[in-house]
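Below is one structure, written out as structure tokens; comments come after it.
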Amino acid sequence: MGLGDAANSRKKRSARDSVNSRDLQPHKDSGKSQHMASCLRCPSTELEALPSPEGITYYLCPACGRQFAQKPGEALTERWLGALREIVYSVIFSEHPQDEAAREAAWFKSYMTREHLAFVVSQIRAEIDHPTQNVREILPGGMCASEQDLREYLSRVADILSADSPSPSA
Ligand SMILES: [Zn+2]
């Protein structure tokens, strides 16, 4: 009998605990501190806002160099490698990628959405204006070109992409 009581009370307790924990779950994310964001890797480091197109904000962590993006009401996401990796990957075997900027830019325009092209340009500009790492290291051990040539390539691609599409600020 004593054993049964113990089992019953344990069952009751666990049932009550599960109800309590369910009640404690937050029903919505608080949208506080829109103006301040902390690095996902360095939680004590406040991110710096970068020049961003409308509808999204890009951030740079001054401590680790990672870049992040955030749309209003959505979570912060790391956006650094995806965009630039795609751009440098297409010239992975080129020793003078800056000579291929026009052809590559035309290729990117053939399949990327306008939104993604704008994102790519903003990511390139952010890296050119505020160097955070060696572009060569985006694809470790893979690039044939020098860091300087790769940066020239990225800069030309951004110029071509932004010159060919109507500026949203115009
Ligand atoms: Zn960081």
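To be explicit about the labels: the chains of the structure tokens are called A, B, and onward in the order shown, and within each one the residues are counted from 1, while ligands get numbers from 1 in the order they are shown.
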Legend entry - Expected answer as a ChimeraX atom specification: residues within 10 Å of ligand 1, only C-alpha atoms and all ligand atoms: /A:38-47,60-68
Do you know which residues are at most 8 Å from Ala126 in chain A counting only C-alpha atoms, after dropping those on the same chain fewer than 5 positions away, and could you put them as a CSV table (one decimal) with N, CA and C atoms, in the first residue's frame?
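And here is the file that came out, around_38.csv:
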```csv
chain,number,residue,atom,x,y,z
A,50,LEU,N,25.3,48.3,-40.0
A,50,LEU,CA,26.0,48.6,-41.3
A,50,LEU,C,25.0,49.2,-42.3
A,51,PRO,N,25.5,49.9,-43.3
A,51,PRO,CA,24.6,50.4,-44.3
A,51,PRO,C,23.7,49.3,-44.9
A,131,PRO,N,36.9,46.0,-43.8
A,131,PRO,CA,37.4,44.7,-43.9
A,131,PRO,C,37.4,43.9,-42.6
```
Inset, instruction - Do a neighbour search on Lys109 in chain A at 12 Å with only C-alpha atoms, toss out local chain neighbours closer than 5 positions, and write the hits as a ChimeraX atom specification. - result: /A:87,102-104,114-118,120-121,157-158,160-162,164-165
For those residues, write C-alpha atoms to a file as a short mmCIF file (atom, residue, chain, number, x, y, z; two decimals), in the first residue's frame.
```cif
data_model
loop_
_atom_site.label_atom_id
_atom_site.label_comp_id
_atom_site.auth_asym_id
_atom_site.auth_seq_id
_atom_site.Cartn_x
_atom_site.Cartn_y
_atom_site.Cartn_z
CA ILE A 87 30.50 35.29 -55.40
CA ALA A 102 31.84 41.68 -65.88
CA ARG A 103 31.16 38.12 -67.01
CA GLU A 104 30.53 36.89 -63.47
CA ARG A 114 16.86 41.63 -57.33
CA GLU A 115 16.65 41.34 -53.56
CA HIS A 116 19.55 38.93 -53.44
CA LEU A 117 21.63 41.05 -55.82
CA ALA A 118 21.05 44.04 -53.56
CA VAL A 120 25.22 40.75 -52.37
CA VAL A 121 26.18 44.33 -53.23
CA VAL A 157 31.22 43.07 -59.27
CA ALA A 158 29.46 45.35 -56.79
CA ILE A 160 28.59 46.52 -62.09
CA LEU A 161 25.62 45.08 -60.23
CA SER A 162 24.68 48.40 -58.65
CA ASP A 164 23.01 48.08 -63.98
CA SER A 165 20.01 48.07 -61.70
#
```
Inset, instruction - Assign secondary structure with DSSP using the backbone only, and return the residues of range 22-166 of chain A in strand (DSSP E) as a VMD selection string. - result: chain A and resid 48 to 50 57 to 60 67 to 70 77 to 78
Print the selection's residues with N, CA and C atoms to a file, as a short mmCIF file (atom, residue, chain, number, x, y, z; two decimals), in the first residue's frame.
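Ended up saving to selection_30.cif:
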```cif
data_model
loop_
_atom_site.label_atom_id
_atom_site.label_comp_id
_atom_site.auth_asym_id
_atom_site.auth_seq_id
_atom_site.Cartn_x
_atom_site.Cartn_y
_atom_site.Cartn_z
N GLU A 48 27.41 46.60 -34.43
CA GLU A 48 27.34 47.89 -35.11
C GLU A 48 26.47 47.74 -36.35
N ALA A 49 25.55 48.66 -36.54
CA ALA A 49 24.70 48.61 -37.73
C ALA A 49 25.52 49.02 -38.96
N LEU A 50 25.31 48.31 -40.05
CA LEU A 50 25.98 48.61 -41.31
C LEU A 50 24.98 49.25 -42.27
N THR A 57 18.24 45.01 -41.70
CA THR A 57 19.39 45.70 -41.11
C THR A 57 20.55 44.73 -40.99
N TYR A 58 21.71 45.16 -41.48
CA TYR A 58 22.91 44.35 -41.37
C TYR A 58 23.76 44.86 -40.22
N TYR A 59 24.40 43.92 -39.54
CA TYR A 59 25.22 44.27 -38.40
C TYR A 59 26.60 43.66 -38.54
N LEU A 60 27.55 44.32 -37.91
CA LEU A 60 28.91 43.81 -37.83
C LEU A 60 29.28 43.70 -36.36
N GLN A 67 29.10 38.92 -39.53
CA GLN A 67 28.03 39.82 -39.92
C GLN A 67 26.70 39.12 -39.76
N PHE A 68 25.68 39.93 -39.45
CA PHE A 68 24.36 39.40 -39.20
C PHE A 68 23.34 40.24 -39.93
N ALA A 69 22.18 39.65 -40.11
CA ALA A 69 21.08 40.37 -40.74
C ALA A 69 19.84 40.19 -39.89
N GLN A 70 19.00 41.21 -39.90
CA GLN A 70 17.75 41.11 -39.15
C GLN A 70 16.66 41.86 -39.87
N THR A 77 20.12 36.68 -37.78
CA THR A 77 20.72 35.51 -38.40
C THR A 77 22.10 35.86 -38.92
N GLU A 78 22.97 34.88 -38.91
CA GLU A 78 24.31 35.11 -39.43
C GLU A 78 24.25 35.05 -40.95
#
```
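Interatomic distance, CA of Ile92 in chain A against CA of Gly142 in chain A: 6.3 Å.
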Neighbouring residues of Phe93 in chain A were defined as those with any atom within 8 Å, considering only C-alpha atoms; residues of the same chain fewer than 6 positions away were excluded. Please report them as a PDB file with N, CA and C atoms, in the first residue's frame.
```
ATOM      1  N   GLY A 142      41.288  27.235 -51.174  1.00  0.00           N
ATOM      2  CA  GLY A 142      40.761  27.002 -52.503  1.00  0.00           C
ATOM      3  C   GLY A 142      41.087  28.061 -53.544  1.00  0.00           C
ATOM      4  N   MET A 143      41.413  29.271 -53.092  1.00  0.00           N
ATOM      5  CA  MET A 143      41.514  30.360 -54.047  1.00  0.00           C
ATOM      6  C   MET A 143      42.894  30.447 -54.681  1.00  0.00           C
ATOM      7  N   CYS A 144      42.916  30.750 -55.996  1.00  0.00           N
ATOM      8  CA  CYS A 144      44.181  30.932 -56.714  1.00  0.00           C
ATOM      9  C   CYS A 144      44.630  32.391 -56.688  1.00  0.00           C
ATOM     10  N   ALA A 145      43.706  33.309 -56.582  1.00  0.00           N
ATOM     11  CA  ALA A 145      44.034  34.728 -56.682  1.00  0.00           C
ATOM     12  C   ALA A 145      44.559  35.261 -55.351  1.00  0.00           C
TER      13      ALA A 145
END
```
Inset, instruction - For each of A:Arg156, A:Ser110, A:Leu150, A:Ala37, take the minimum atom-to-atom distance to Pro97 in chain A, counting only C-alpha atoms, then give the residue where this is smallest. - result: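 Closest candidate: A:Leu150.
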Legend entry - Within 12 Å of Asn134 in chain A using only C-alpha atoms, minus same-chain residues under 6 positions, as a ChimeraX atom specification: /A:65,84,88,127-128,140-141,143,145-151
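Take CA of Glu74 in chain A and CA of Phe119 in chain A: the distance between them is 17.0 Å.
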Legend entry - For Tyr89 in chain A, the nearest of the candidates A:Ala101, A:Pro72, A:Met36, A:Ile138, counting only C-alpha atoms: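 For Tyr89 in chain A, the nearest of the given residues is A:Ile138.
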